[in-house]
file my_file24.csv (CSV, N, CA and C atoms)
chain,number,residue,atom,x,y,z
A,77,ILE,N,1.6,-38.9,8.1
A,77,ILE,CA,0.1,-39.0,8.0
A,77,ILE,C,-0.2,-40.2,7.1
A,78,MET,N,0.6,-40.4,6.0
A,78,MET,CA,0.4,-41.6,5.2
A,78,MET,C,1.7,-42.3,5.0
A,79,ASP,N,1.7,-43.6,5.1
A,79,ASP,CA,2.9,-44.5,4.9
A,79,ASP,C,3.5,-44.2,3.6
A,80,GLY,N,4.8,-44.2,3.6
A,80,GLY,CA,5.6,-44.2,2.3
A,80,GLY,C,5.7,-42.8,1.7
A,81,VAL,N,5.2,-41.8,2.4
A,81,VAL,CA,5.2,-40.4,1.8
A,81,VAL,C,6.3,-39.6,2.6
A,82,THR,N,7.1,-38.9,1.8
A,82,THR,CA,8.2,-38.1,2.4
A,82,THR,C,7.7,-36.7,2.5
A,83,TYR,N,7.8,-36.1,3.7
A,83,TYR,CA,7.4,-34.7,3.9
A,83,TYR,C,8.6,-33.8,4.0
A,84,ASP,N,8.6,-32.6,3.4
A,84,ASP,CA,9.6,-31.6,3.6
A,84,ASP,C,9.4,-31.0,5.0
A,85,HIS,N,10.5,-30.5,5.6
A,85,HIS,CA,10.4,-29.8,6.8
A,85,HIS,C,11.4,-28.6,6.8
A,86,THR,N,11.1,-27.6,7.5
A,86,THR,CA,12.0,-26.5,7.6
A,86,THR,C,11.7,-25.8,9.0
A,87,THR,N,12.6,-25.0,9.3
A,87,THR,CA,12.5,-24.2,10.6
A,87,THR,C,12.6,-22.7,10.2
A,88,ILE,N,11.7,-22.0,10.8
A,88,ILE,CA,11.7,-20.5,10.6
A,88,ILE,C,11.7,-19.8,12.0
A,89,GLN,N,12.2,-18.6,12.0
A,89,GLN,CA,12.2,-17.8,13.3
A,89,GLN,C,11.0,-16.9,13.2
A,90,LEU,N,10.2,-17.0,14.2
A,90,LEU,CA,9.0,-16.2,14.4
A,90,LEU,C,9.3,-15.0,15.3
A,91,HIS,N,8.8,-13.9,15.0
A,91,HIS,CA,9.0,-12.7,15.8
A,91,HIS,C,7.7,-12.1,16.3
A,92,PRO,N,7.7,-11.3,17.4
A,92,PRO,CA,6.5,-10.7,17.9
A,92,PRO,C,5.8,-9.9,16.8
A,93,GLY,N,4.5,-10.2,16.7
A,93,GLY,CA,3.7,-9.5,15.6
A,93,GLY,C,3.5,-10.4,14.4
A,94,ASP,N,4.3,-11.5,14.2
A,94,ASP,CA,4.1,-12.4,13.1
A,94,ASP,C,2.9,-13.2,13.4
A,95,THR,N,2.2,-13.5,12.3
A,95,THR,CA,0.9,-14.3,12.3
A,95,THR,C,1.1,-15.6,11.5
A,96,VAL,N,0.8,-16.7,12.1
A,96,VAL,CA,0.8,-18.0,11.5
A,96,VAL,C,-0.6,-18.4,11.1
A,97,VAL,N,-0.8,-18.8,9.9
A,97,VAL,CA,-2.1,-19.2,9.4
A,97,VAL,C,-2.1,-20.7,9.0
A,98,LEU,N,-2.9,-21.5,9.6
A,98,LEU,CA,-3.0,-22.9,9.2
A,98,LEU,C,-4.4,-23.2,8.6
A,99,TYR,N,-4.5,-24.0,7.6
A,99,TYR,CA,-5.8,-24.3,7.0
A,99,TYR,C,-5.8,-25.7,6.4
A,100,THR,N,-7.0,-26.2,6.2
A,100,THR,CA,-7.2,-27.5,5.6
A,100,THR,C,-7.4,-27.3,4.1
A,101,ASP,N,-7.3,-28.4,3.4
A,101,ASP,CA,-7.5,-28.4,2.0
A,101,ASP,C,-8.9,-28.0,1.6
A,102,GLY,N,-9.9,-28.1,2.5
A,102,GLY,CA,-11.2,-27.6,2.2
A,102,GLY,C,-11.3,-26.1,1.9
A,103,ILE,N,-10.3,-25.4,2.4
A,103,ILE,CA,-10.2,-24.0,2.1
A,103,ILE,C,-9.7,-23.8,0.7
A,104,THR,N,-8.5,-24.4,0.4
A,104,THR,CA,-7.9,-24.2,-0.9
A,104,THR,C,-8.7,-24.8,-2.1
A,105,GLU,N,-9.4,-25.9,-1.8
A,105,GLU,CA,-10.2,-26.6,-2.8
A,105,GLU,C,-11.6,-26.1,-3.0
A,106,ALA,N,-12.0,-25.0,-2.2
A,106,ALA,CA,-13.3,-24.5,-2.3
A,106,ALA,C,-13.5,-24.0,-3.8
A,107,LYS,N,-14.7,-24.3,-4.3
A,107,LYS,CA,-14.9,-23.9,-5.7
A,107,LYS,C,-15.9,-22.8,-5.9
A,108,ALA,N,-15.6,-22.0,-6.9
A,108,ALA,CA,-16.5,-21.0,-7.4
A,108,ALA,C,-17.5,-21.6,-8.3
A,109,PRO,N,-18.6,-20.9,-8.7
A,109,PRO,CA,-19.6,-21.5,-9.7
A,109,PRO,C,-18.9,-21.9,-11.0
A,110,SER,N,-17.8,-21.2,-11.3
A,110,SER,CA,-17.1,-21.5,-12.6
A,110,SER,C,-16.3,-22.8,-12.5
A,111,GLY,N,-16.1,-23.3,-11.2
A,111,GLY,CA,-15.3,-24.5,-11.0
A,111,GLY,C,-13.9,-24.1,-10.5
A,112,ALA,N,-13.5,-22.8,-10.6
A,112,ALA,CA,-12.2,-22.4,-10.1
A,112,ALA,C,-12.0,-22.6,-8.6
A,113,MET,N,-10.9,-23.2,-8.2
A,113,MET,CA,-10.6,-23.4,-6.8
A,113,MET,C,-10.1,-22.1,-6.2
A,114,PHE,N,-10.3,-21.9,-4.9
A,114,PHE,CA,-9.8,-20.8,-4.1
A,114,PHE,C,-8.3,-20.8,-4.1
A,115,ASP,N,-7.7,-21.9,-3.9
A,115,ASP,CA,-6.3,-22.1,-4.0
A,115,ASP,C,-5.5,-21.3,-2.9
A,116,VAL,N,-4.2,-21.5,-2.9
A,116,VAL,CA,-3.4,-20.7,-2.0
A,116,VAL,C,-3.3,-19.3,-2.4
A,117,THR,N,-3.4,-19.0,-3.7
A,117,THR,CA,-3.4,-17.6,-4.1
A,117,THR,C,-4.6,-16.9,-3.6
A,118,GLY,N,-5.8,-17.5,-3.4
A,118,GLY,CA,-6.9,-16.9,-2.8
A,118,GLY,C,-6.7,-16.5,-1.4
A,119,ILE,N,-6.0,-17.3,-0.7
A,119,ILE,CA,-5.6,-17.0,0.7
A,119,ILE,C,-4.6,-15.8,0.7
A,120,GLU,N,-3.6,-15.9,-0.1
A,120,GLU,CA,-2.6,-14.8,-0.2
A,120,GLU,C,-3.2,-13.5,-0.5
A,121,ARG,N,-4.1,-13.5,-1.5
A,121,ARG,CA,-4.8,-12.2,-1.9
A,121,ARG,C,-5.6,-11.7,-0.7
A,122,ALA,N,-6.3,-12.5,-0.1
A,122,ALA,CA,-7.2,-12.1,1.1
A,122,ALA,C,-6.3,-11.5,2.2
A,123,LEU,N,-5.2,-12.1,2.5
A,123,LEU,CA,-4.3,-11.7,3.6
A,123,LEU,C,-3.7,-10.3,3.3
A,124,HIS,N,-3.6,-9.9,2.0
A,124,HIS,CA,-3.0,-8.6,1.7
A,124,HIS,C,-4.0,-7.5,2.2
A,125,HIS,N,-5.2,-7.8,2.5
A,125,HIS,CA,-6.2,-6.8,2.9
A,125,HIS,C,-6.5,-6.9,4.4
A,126,CYS,N,-5.6,-7.6,5.1
A,126,CYS,CA,-5.8,-7.8,6.5
A,126,CYS,C,-4.7,-7.2,7.4
A,127,THR,N,-5.0,-6.9,8.6
A,127,THR,CA,-4.0,-6.3,9.5
A,127,THR,C,-3.0,-7.3,10.0
A,128,GLY,N,-3.3,-8.6,10.0
A,128,GLY,CA,-2.5,-9.7,10.6
A,128,GLY,C,-3.0,-10.1,11.9
A,129,GLU,N,-3.9,-9.3,12.5
A,129,GLU,CA,-4.5,-9.7,13.8
A,129,GLU,C,-5.3,-11.0,13.5
A,130,PRO,N,-5.2,-12.0,14.3
A,130,PRO,CA,-5.9,-13.3,14.1
A,130,PRO,C,-7.4,-13.1,13.8
A,131,GLN,N,-8.1,-12.3,14.5
A,131,GLN,CA,-9.6,-12.2,14.2
A,131,GLN,C,-9.8,-11.6,12.8
A,132,CYS,N,-8.9,-10.6,12.4
A,132,CYS,CA,-9.0,-10.1,11.0
A,132,CYS,C,-8.8,-11.2,10.0
A,133,VAL,N,-7.8,-12.0,10.2
A,133,VAL,CA,-7.5,-13.1,9.3
A,133,VAL,C,-8.7,-14.0,9.2
A,134,ILE,N,-9.2,-14.5,10.3
A,134,ILE,CA,-10.4,-15.4,10.2
A,134,ILE,C,-11.6,-14.7,9.5
A,135,ASP,N,-11.9,-13.5,10.0
A,135,ASP,CA,-13.1,-12.8,9.5
A,135,ASP,C,-13.0,-12.5,8.0
A,136,TRP,N,-11.8,-12.0,7.6
A,136,TRP,CA,-11.7,-11.6,6.2
A,136,TRP,C,-11.6,-12.8,5.3
A,137,LEU,N,-10.8,-13.8,5.7
A,137,LEU,CA,-10.7,-15.0,4.8
A,137,LEU,C,-12.1,-15.6,4.7
A,138,HIS,N,-12.9,-15.7,5.7
A,138,HIS,CA,-14.2,-16.2,5.7
A,138,HIS,C,-15.1,-15.4,4.7
A,139,THR,N,-15.0,-14.1,4.8
A,139,THR,CA,-15.8,-13.3,3.9
A,139,THR,C,-15.4,-13.5,2.4
A,140,VAL,N,-14.1,-13.5,2.1
A,140,VAL,CA,-13.6,-13.7,0.8
A,140,VAL,C,-13.9,-15.1,0.2
A,141,LEU,N,-13.8,-16.1,1.1
A,141,LEU,CA,-14.1,-17.4,0.7
A,141,LEU,C,-15.5,-17.6,0.4
A,142,ARG,N,-16.4,-17.0,1.2
A,142,ARG,CA,-17.9,-17.1,0.9
A,142,ARG,C,-18.2,-16.4,-0.4
A,143,ARG,N,-17.5,-15.3,-0.6
A,143,ARG,CA,-17.8,-14.5,-1.9
A,143,ARG,C,-17.3,-15.4,-3.1
A,144,HIS,N,-16.2,-16.1,-2.9
A,144,HIS,CA,-15.6,-16.9,-4.0
A,144,HIS,C,-16.6,-18.1,-4.3
A,145,GLU,N,-17.2,-18.7,-3.2
A,145,GLU,CA,-18.1,-19.8,-3.4
A,145,GLU,C,-19.4,-19.4,-4.0
A,146,ALA,N,-19.8,-18.2,-3.7
A,146,ALA,CA,-21.1,-17.6,-4.3
A,146,ALA,C,-22.3,-18.5,-4.0
A,147,GLY,N,-22.4,-19.0,-2.8
A,147,GLY,CA,-23.6,-19.8,-2.5
A,147,GLY,C,-23.4,-21.3,-2.6
A,148,ILE,N,-22.3,-21.8,-3.2
A,148,ILE,CA,-22.0,-23.2,-3.4
A,148,ILE,C,-21.6,-23.7,-2.0
A,149,GLN,N,-22.2,-24.8,-1.6
A,149,GLN,CA,-21.9,-25.5,-0.3
A,149,GLN,C,-20.6,-26.1,-0.4
A,150,PRO,N,-19.7,-26.0,0.6
A,150,PRO,CA,-18.4,-26.7,0.6
A,150,PRO,C,-18.6,-28.2,0.5
A,151,SER,N,-17.7,-28.8,-0.2
A,151,SER,CA,-17.8,-30.3,-0.3
A,151,SER,C,-16.8,-30.9,0.7
A,152,ASP,N,-16.1,-30.1,1.5
A,152,ASP,CA,-15.1,-30.7,2.4
A,152,ASP,C,-15.1,-29.7,3.6
A,153,ASP,N,-14.6,-30.3,4.7
A,153,ASP,CA,-14.5,-29.4,5.9
A,153,ASP,C,-13.5,-28.2,5.6
A,154,GLN,N,-13.8,-27.1,6.2
A,154,GLN,CA,-13.0,-25.9,6.1
A,154,GLN,C,-12.6,-25.4,7.4
A,155,THR,N,-11.3,-25.7,7.8
A,155,THR,CA,-10.8,-25.3,9.1
A,155,THR,C,-9.7,-24.3,8.9
A,156,LEU,N,-9.7,-23.3,9.7
A,156,LEU,CA,-8.7,-22.2,9.6
A,156,LEU,C,-8.3,-21.8,11.0
A,157,VAL,N,-7.0,-21.7,11.2
A,157,VAL,CA,-6.4,-21.3,12.5
A,157,VAL,C,-5.5,-20.2,12.3
A,158,ALA,N,-5.6,-19.1,13.0
A,158,ALA,CA,-4.6,-18.0,13.0
A,158,ALA,C,-4.1,-17.7,14.3
A,159,MET,N,-2.8,-17.6,14.5
A,159,MET,CA,-2.1,-17.4,15.7
A,159,MET,C,-1.1,-16.3,15.5
A,160,GLN,N,-1.1,-15.3,16.5
A,160,GLN,CA,-0.1,-14.3,16.4
A,160,GLN,C,0.9,-14.4,17.5
A,161,ILE,N,2.1,-14.2,17.2
A,161,ILE,CA,3.2,-14.3,18.2
A,161,ILE,C,3.2,-13.0,19.0
A,162,LEU,N,3.1,-13.1,20.3
A,162,LEU,CA,3.0,-11.9,21.1
A,162,LEU,C,4.4,-11.6,21.7
A,163,ASN,N,5.1,-12.6,22.2
A,163,ASN,CA,6.4,-12.4,22.8
A,163,ASN,C,7.4,-13.5,22.3
A,164,ALA,N,8.6,-13.1,22.1
A,164,ALA,CA,9.6,-14.1,21.6
A,164,ALA,C,10.2,-14.8,22.8
call {"tool": "encode", "arguments": {"input": "my_file24.csv", "output": "structure tokens"}}
result
Amino acid sequence: IMDGVTYDHTTIQLHPGDTVVLYTDGITEAKAPSGAMFDVTGIERALHHCTGEPQCVIDWLHTVLRRHEAGIQPSDDQTLVAMQILNA
């Protein structure tokens, strides 16, 4: 994405029922009125209350993120993609 930057890479085995969640930095950098960012820990906490179904992931993360922002308008785009493996 940027010249001169080295990116780590890895390979993982996905199995039926696994859910993959992709997000932009607008999600992790979303701020609460106190200035605290949502961060990856906010995503992880939200996912503990979800079934893993993609719609649950999207709906619940959206709910928790809006609660965290408490009316503050996002300063960056917020994109979230959830995909569930159906067959290996």
call {"tool": "atom_distance", "arguments": {"input": "my_file24.csv", "atom1": "atom N of Arg142 (chain A)", "atom2": "atom C of Asp101 (chain A)"}}
result
13.3 Å
call {"tool": "residues_around", "arguments": {"input": "my_file24.csv", "residues": "Leu137 (chain A)", "least_positions_apart": "4", "cutoff": "9 Å", "atoms": "only C-alpha atoms", "output": "PDB file with N, CA and C atoms, keeping the file's coordinate frame"}}
result
ATOM      1  N   GLY A 118      -5.800 -17.500  -3.400  1.00  0.00           N
ATOM      2  CA  GLY A 118      -6.900 -16.900  -2.800  1.00  0.00           C
ATOM      3  C   GLY A 118      -6.700 -16.500  -1.400  1.00  0.00           C
ATOM      4  N   ILE A 119      -6.000 -17.300  -0.700  1.00  0.00           N
ATOM      5  CA  ILE A 119      -5.600 -17.000   0.700  1.00  0.00           C
ATOM      6  C   ILE A 119      -4.600 -15.800   0.700  1.00  0.00           C
ATOM      7  N   ALA A 122      -6.300 -12.500  -0.100  1.00  0.00           N
ATOM      8  CA  ALA A 122      -7.200 -12.100   1.100  1.00  0.00           C
ATOM      9  C   ALA A 122      -6.300 -11.500   2.200  1.00  0.00           C
ATOM     10  N   LEU A 123      -5.200 -12.100   2.500  1.00  0.00           N
ATOM     11  CA  LEU A 123      -4.300 -11.700   3.600  1.00  0.00           C
ATOM     12  C   LEU A 123      -3.700 -10.300   3.300  1.00  0.00           C
ATOM     13  N   CYS A 126      -5.600  -7.600   5.100  1.00  0.00           N
ATOM     14  CA  CYS A 126      -5.800  -7.800   6.500  1.00  0.00           C
ATOM     15  C   CYS A 126      -4.700  -7.200   7.400  1.00  0.00           C
ATOM     16  N   CYS A 132      -8.900 -10.600  12.400  1.00  0.00           N
ATOM     17  CA  CYS A 132      -9.000 -10.100  11.000  1.00  0.00           C
ATOM     18  C   CYS A 132      -8.800 -11.200  10.000  1.00  0.00           C
ATOM     19  N   VAL A 133      -7.800 -12.000  10.200  1.00  0.00           N
ATOM     20  CA  VAL A 133      -7.500 -13.100   9.300  1.00  0.00           C
ATOM     21  C   VAL A 133      -8.700 -14.000   9.200  1.00  0.00           C
ATOM     22  N   LEU A 141     -13.800 -16.100   1.100  1.00  0.00           N
ATOM     23  CA  LEU A 141     -14.100 -17.400   0.700  1.00  0.00           C
ATOM     24  C   LEU A 141     -15.500 -17.600   0.400  1.00  0.00           C
ATOM     25  N   ARG A 142     -16.400 -17.000   1.200  1.00  0.00           N
ATOM     26  CA  ARG A 142     -17.900 -17.100   0.900  1.00  0.00           C
ATOM     27  C   ARG A 142     -18.200 -16.400  -0.400  1.00  0.00           C
ATOM     28  N   LEU A 156      -9.700 -23.300   9.700  1.00  0.00           N
ATOM     29  CA  LEU A 156      -8.700 -22.200   9.600  1.00  0.00           C
ATOM     30  C   LEU A 156      -8.300 -21.800  11.000  1.00  0.00           C
TER      31      LEU A 156
END
call {"tool": "residues_around", "arguments": {"input": "my_file24.csv", "residues": "region 146-153 of chain A", "least_positions_apart": "3", "cutoff": "8 Å", "atoms": "only N, CA and C atoms", "output": "mmCIF file with N, CA and C atoms, in the coordinates of the input"}}
result
data_model
loop_
_atom_site.group_PDB
_atom_site.id
_atom_site.type_symbol
_atom_site.label_atom_id
_atom_site.label_comp_id
_atom_site.auth_asym_id
_atom_site.auth_seq_id
_atom_site.Cartn_x
_atom_site.Cartn_y
_atom_site.Cartn_z
ATOM 1 N N THR A 100 -7.000 -26.200 6.200
ATOM 2 C CA THR A 100 -7.200 -27.500 5.600
ATOM 3 C C THR A 100 -7.400 -27.300 4.100
ATOM 4 N N ASP A 101 -7.300 -28.400 3.400
ATOM 5 C CA ASP A 101 -7.500 -28.400 2.000
ATOM 6 C C ASP A 101 -8.900 -28.000 1.600
ATOM 7 N N GLY A 102 -9.900 -28.100 2.500
ATOM 8 C CA GLY A 102 -11.200 -27.600 2.200
ATOM 9 C C GLY A 102 -11.300 -26.100 1.900
ATOM 10 N N ILE A 103 -10.300 -25.400 2.400
ATOM 11 C CA ILE A 103 -10.200 -24.000 2.100
ATOM 12 C C ILE A 103 -9.700 -23.800 0.700
ATOM 13 N N GLU A 105 -9.400 -25.900 -1.800
ATOM 14 C CA GLU A 105 -10.200 -26.600 -2.800
ATOM 15 C C GLU A 105 -11.600 -26.100 -3.000
ATOM 16 N N ALA A 106 -12.000 -25.000 -2.200
ATOM 17 C CA ALA A 106 -13.300 -24.500 -2.300
ATOM 18 C C ALA A 106 -13.500 -24.000 -3.800
ATOM 19 N N LYS A 107 -14.700 -24.300 -4.300
ATOM 20 C CA LYS A 107 -14.900 -23.900 -5.700
ATOM 21 C C LYS A 107 -15.900 -22.800 -5.900
ATOM 22 N N ALA A 108 -15.600 -22.000 -6.900
ATOM 23 C CA ALA A 108 -16.500 -21.000 -7.400
ATOM 24 C C ALA A 108 -17.500 -21.600 -8.300
ATOM 25 N N PRO A 109 -18.600 -20.900 -8.700
ATOM 26 C CA PRO A 109 -19.600 -21.500 -9.700
ATOM 27 C C PRO A 109 -18.900 -21.900 -11.000
ATOM 28 N N VAL A 140 -14.100 -13.500 2.100
ATOM 29 C CA VAL A 140 -13.600 -13.700 0.800
ATOM 30 C C VAL A 140 -13.900 -15.100 0.200
ATOM 31 N N LEU A 141 -13.800 -16.100 1.100
ATOM 32 C CA LEU A 141 -14.100 -17.400 0.700
ATOM 33 C C LEU A 141 -15.500 -17.600 0.400
ATOM 34 N N ARG A 142 -16.400 -17.000 1.200
ATOM 35 C CA ARG A 142 -17.900 -17.100 0.900
ATOM 36 C C ARG A 142 -18.200 -16.400 -0.400
ATOM 37 N N ARG A 143 -17.500 -15.300 -0.600
ATOM 38 C CA ARG A 143 -17.800 -14.500 -1.900
ATOM 39 C C ARG A 143 -17.300 -15.400 -3.100
ATOM 40 N N LEU A 156 -9.700 -23.300 9.700
ATOM 41 C CA LEU A 156 -8.700 -22.200 9.600
ATOM 42 C C LEU A 156 -8.300 -21.800 11.000
#
call {"tool": "closest_residue", "arguments": {"input": "my_file24.csv", "among": "A:Val96, A:Val81, A:Ile134, A:Met113", "to": "Ile161 (chain A)", "atoms": "all atoms listed in the file"}}
result
A:Val96
call {"tool": "select_by_dssp", "arguments": {"input": "my_file24.csv", "residues": "chain A", "states": "strand (DSSP E or B)", "output": "list in words"}}
result
Thr95, Val96, Val97, Leu98, Tyr99, Lys107, Met113, Leu156, Val157, Ala158, Met159 and Gln160 of chain A
call {"tool": "closest_residue", "arguments": {"input": "my_file24.csv", "among": "A:Thr117, A:Ala112, A:Glu129, A:Trp136", "to": "Gly93 (chain A)", "atoms": "only N, CA and C atoms"}}
result
A:Glu129
call {"tool": "atom_distance", "arguments": {"input": "my_file24.csv", "atom1": "CA of Pro130 (chain A)", "atom2": "CA of Gln160 (chain A)"}}
result
6.3 Å
call {"tool": "select_by_dssp", "arguments": {"input": "my_file24.csv", "residues": "region 93-156 of chain A", "states": "helix (DSSP H, G or I)", "output": "ChimeraX atom specification"}}
result
/A:101-104,115-123,130-145
call {"tool": "write_last_selection", "arguments": {"input": "my_file24.csv", "atoms": "N, CA and C atoms", "output": "mmCIF file, in the frame of the given file"}}
result
data_model
loop_
_atom_site.group_PDB
_atom_site.id
_atom_site.type_symbol
_atom_site.label_atom_id
_atom_site.label_comp_id
_atom_site.auth_asym_id
_atom_site.auth_seq_id
_atom_site.Cartn_x
_atom_site.Cartn_y
_atom_site.Cartn_z
ATOM 1 N N ASP A 101 -7.300 -28.400 3.400
ATOM 2 C CA ASP A 101 -7.500 -28.400 2.000
ATOM 3 C C ASP A 101 -8.900 -28.000 1.600
ATOM 4 N N GLY A 102 -9.900 -28.100 2.500
ATOM 5 C CA GLY A 102 -11.200 -27.600 2.200
ATOM 6 C C GLY A 102 -11.300 -26.100 1.900
ATOM 7 N N ILE A 103 -10.300 -25.400 2.400
ATOM 8 C CA ILE A 103 -10.200 -24.000 2.100
ATOM 9 C C ILE A 103 -9.700 -23.800 0.700
ATOM 10 N N THR A 104 -8.500 -24.400 0.400
ATOM 11 C CA THR A 104 -7.900 -24.200 -0.900
ATOM 12 C C THR A 104 -8.700 -24.800 -2.100
ATOM 13 N N ASP A 115 -7.700 -21.900 -3.900
ATOM 14 C CA ASP A 115 -6.300 -22.100 -4.000
ATOM 15 C C ASP A 115 -5.500 -21.300 -2.900
ATOM 16 N N VAL A 116 -4.200 -21.500 -2.900
ATOM 17 C CA VAL A 116 -3.400 -20.700 -2.000
ATOM 18 C C VAL A 116 -3.300 -19.300 -2.400
ATOM 19 N N THR A 117 -3.400 -19.000 -3.700
ATOM 20 C CA THR A 117 -3.400 -17.600 -4.100
ATOM 21 C C THR A 117 -4.600 -16.900 -3.600
ATOM 22 N N GLY A 118 -5.800 -17.500 -3.400
ATOM 23 C CA GLY A 118 -6.900 -16.900 -2.800
ATOM 24 C C GLY A 118 -6.700 -16.500 -1.400
ATOM 25 N N ILE A 119 -6.000 -17.300 -0.700
ATOM 26 C CA ILE A 119 -5.600 -17.000 0.700
ATOM 27 C C ILE A 119 -4.600 -15.800 0.700
ATOM 28 N N GLU A 120 -3.600 -15.900 -0.100
ATOM 29 C CA GLU A 120 -2.600 -14.800 -0.200
ATOM 30 C C GLU A 120 -3.200 -13.500 -0.500
ATOM 31 N N ARG A 121 -4.100 -13.500 -1.500
ATOM 32 C CA ARG A 121 -4.800 -12.200 -1.900
ATOM 33 C C ARG A 121 -5.600 -11.700 -0.700
ATOM 34 N N ALA A 122 -6.300 -12.500 -0.100
ATOM 35 C CA ALA A 122 -7.200 -12.100 1.100
ATOM 36 C C ALA A 122 -6.300 -11.500 2.200
ATOM 37 N N LEU A 123 -5.200 -12.100 2.500
ATOM 38 C CA LEU A 123 -4.300 -11.700 3.600
ATOM 39 C C LEU A 123 -3.700 -10.300 3.300
ATOM 40 N N PRO A 130 -5.200 -12.000 14.300
ATOM 41 C CA PRO A 130 -5.900 -13.300 14.100
ATOM 42 C C PRO A 130 -7.400 -13.100 13.800
ATOM 43 N N GLN A 131 -8.100 -12.300 14.500
ATOM 44 C CA GLN A 131 -9.600 -12.200 14.200
ATOM 45 C C GLN A 131 -9.800 -11.600 12.800
ATOM 46 N N CYS A 132 -8.900 -10.600 12.400
ATOM 47 C CA CYS A 132 -9.000 -10.100 11.000
ATOM 48 C C CYS A 132 -8.800 -11.200 10.000
ATOM 49 N N VAL A 133 -7.800 -12.000 10.200
ATOM 50 C CA VAL A 133 -7.500 -13.100 9.300
ATOM 51 C C VAL A 133 -8.700 -14.000 9.200
ATOM 52 N N ILE A 134 -9.200 -14.500 10.300
ATOM 53 C CA ILE A 134 -10.400 -15.400 10.200
ATOM 54 C C ILE A 134 -11.600 -14.700 9.500
ATOM 55 N N ASP A 135 -11.900 -13.500 10.000
ATOM 56 C CA ASP A 135 -13.100 -12.800 9.500
ATOM 57 C C ASP A 135 -13.000 -12.500 8.000
ATOM 58 N N TRP A 136 -11.800 -12.000 7.600
ATOM 59 C CA TRP A 136 -11.700 -11.600 6.200
ATOM 60 C C TRP A 136 -11.600 -12.800 5.300
ATOM 61 N N LEU A 137 -10.800 -13.800 5.700
ATOM 62 C CA LEU A 137 -10.700 -15.000 4.800
ATOM 63 C C LEU A 137 -12.100 -15.600 4.700
ATOM 64 N N HIS A 138 -12.900 -15.700 5.700
ATOM 65 C CA HIS A 138 -14.200 -16.200 5.700
ATOM 66 C C HIS A 138 -15.100 -15.400 4.700
ATOM 67 N N THR A 139 -15.000 -14.100 4.800
ATOM 68 C CA THR A 139 -15.800 -13.300 3.900
ATOM 69 C C THR A 139 -15.400 -13.500 2.400
ATOM 70 N N VAL A 140 -14.100 -13.500 2.100
ATOM 71 C CA VAL A 140 -13.600 -13.700 0.800
ATOM 72 C C VAL A 140 -13.900 -15.100 0.200
ATOM 73 N N LEU A 141 -13.800 -16.100 1.100
ATOM 74 C CA LEU A 141 -14.100 -17.400 0.700
ATOM 75 C C LEU A 141 -15.500 -17.600 0.400
ATOM 76 N N ARG A 142 -16.400 -17.000 1.200
ATOM 77 C CA ARG A 142 -17.900 -17.100 0.900
ATOM 78 C C ARG A 142 -18.200 -16.400 -0.400
ATOM 79 N N ARG A 143 -17.500 -15.300 -0.600
ATOM 80 C CA ARG A 143 -17.800 -14.500 -1.900
ATOM 81 C C ARG A 143 -17.300 -15.400 -3.100
ATOM 82 N N HIS A 144 -16.200 -16.100 -2.900
ATOM 83 C CA HIS A 144 -15.600 -16.900 -4.000
ATOM 84 C C HIS A 144 -16.600 -18.100 -4.300
ATOM 85 N N GLU A 145 -17.200 -18.700 -3.200
ATOM 86 C CA GLU A 145 -18.100 -19.800 -3.400
ATOM 87 C C GLU A 145 -19.400 -19.400 -4.000
#
call {"tool": "atom_distance", "arguments": {"input": "my_file24.csv", "atom1": "atom N of Gln154 (chain A)", "atom2": "atom C of Leu98 (chain A)"}}
result
10.5 Å
call {"tool": "residues_around", "arguments": {"input": "my_file24.csv", "residues": "Leu162 (chain A)", "least_positions_apart": "3", "cutoff": "8 Å", "atoms": "all atoms listed in the file", "output": "list in words"}}
result
His91, Pro92, Gly93, Asp94 and Met159 of chain A
call {"tool": "decode", "arguments": {"input": "my_file24.csv", "residues": "region 97-106 of chain A", "atoms": "N, CA and C atoms", "output": "compact mmCIF listing (two decimals), in the first residue's frame"}}
result
# COMPACT_ATOMS: atom_id res chain seq x y z
N VAL A 97 -13.60 -11.20 10.14
CA VAL A 97 -14.06 -9.82 10.26
C VAL A 97 -12.95 -8.89 9.77
N LEU A 98 -13.27 -8.07 8.79
CA LEU A 98 -12.34 -7.08 8.25
C LEU A 98 -12.90 -5.70 8.56
N TYR A 99 -12.01 -4.75 8.89
CA TYR A 99 -12.48 -3.41 9.26
C TYR A 99 -11.42 -2.37 8.91
N THR A 100 -11.87 -1.15 8.73
CA THR A 100 -10.96 -0.05 8.47
C THR A 100 -10.58 0.63 9.79
N ASP A 101 -9.57 1.46 9.73
CA ASP A 101 -9.12 2.16 10.93
C ASP A 101 -10.15 3.14 11.47
N GLY A 102 -11.14 3.49 10.67
CA GLY A 102 -12.21 4.35 11.17
C GLY A 102 -13.01 3.69 12.28
N ILE A 103 -13.01 2.36 12.31
CA ILE A 103 -13.68 1.62 13.39
C ILE A 103 -12.82 1.70 14.66
N THR A 104 -11.56 1.31 14.56
CA THR A 104 -10.70 1.25 15.74
C THR A 104 -10.37 2.64 16.29
N GLU A 105 -10.37 3.65 15.42
CA GLU A 105 -10.03 5.01 15.86
C GLU A 105 -11.25 5.85 16.24
N ALA A 106 -12.44 5.25 16.24
CA ALA A 106 -13.65 5.96 16.64
C ALA A 106 -13.51 6.41 18.09
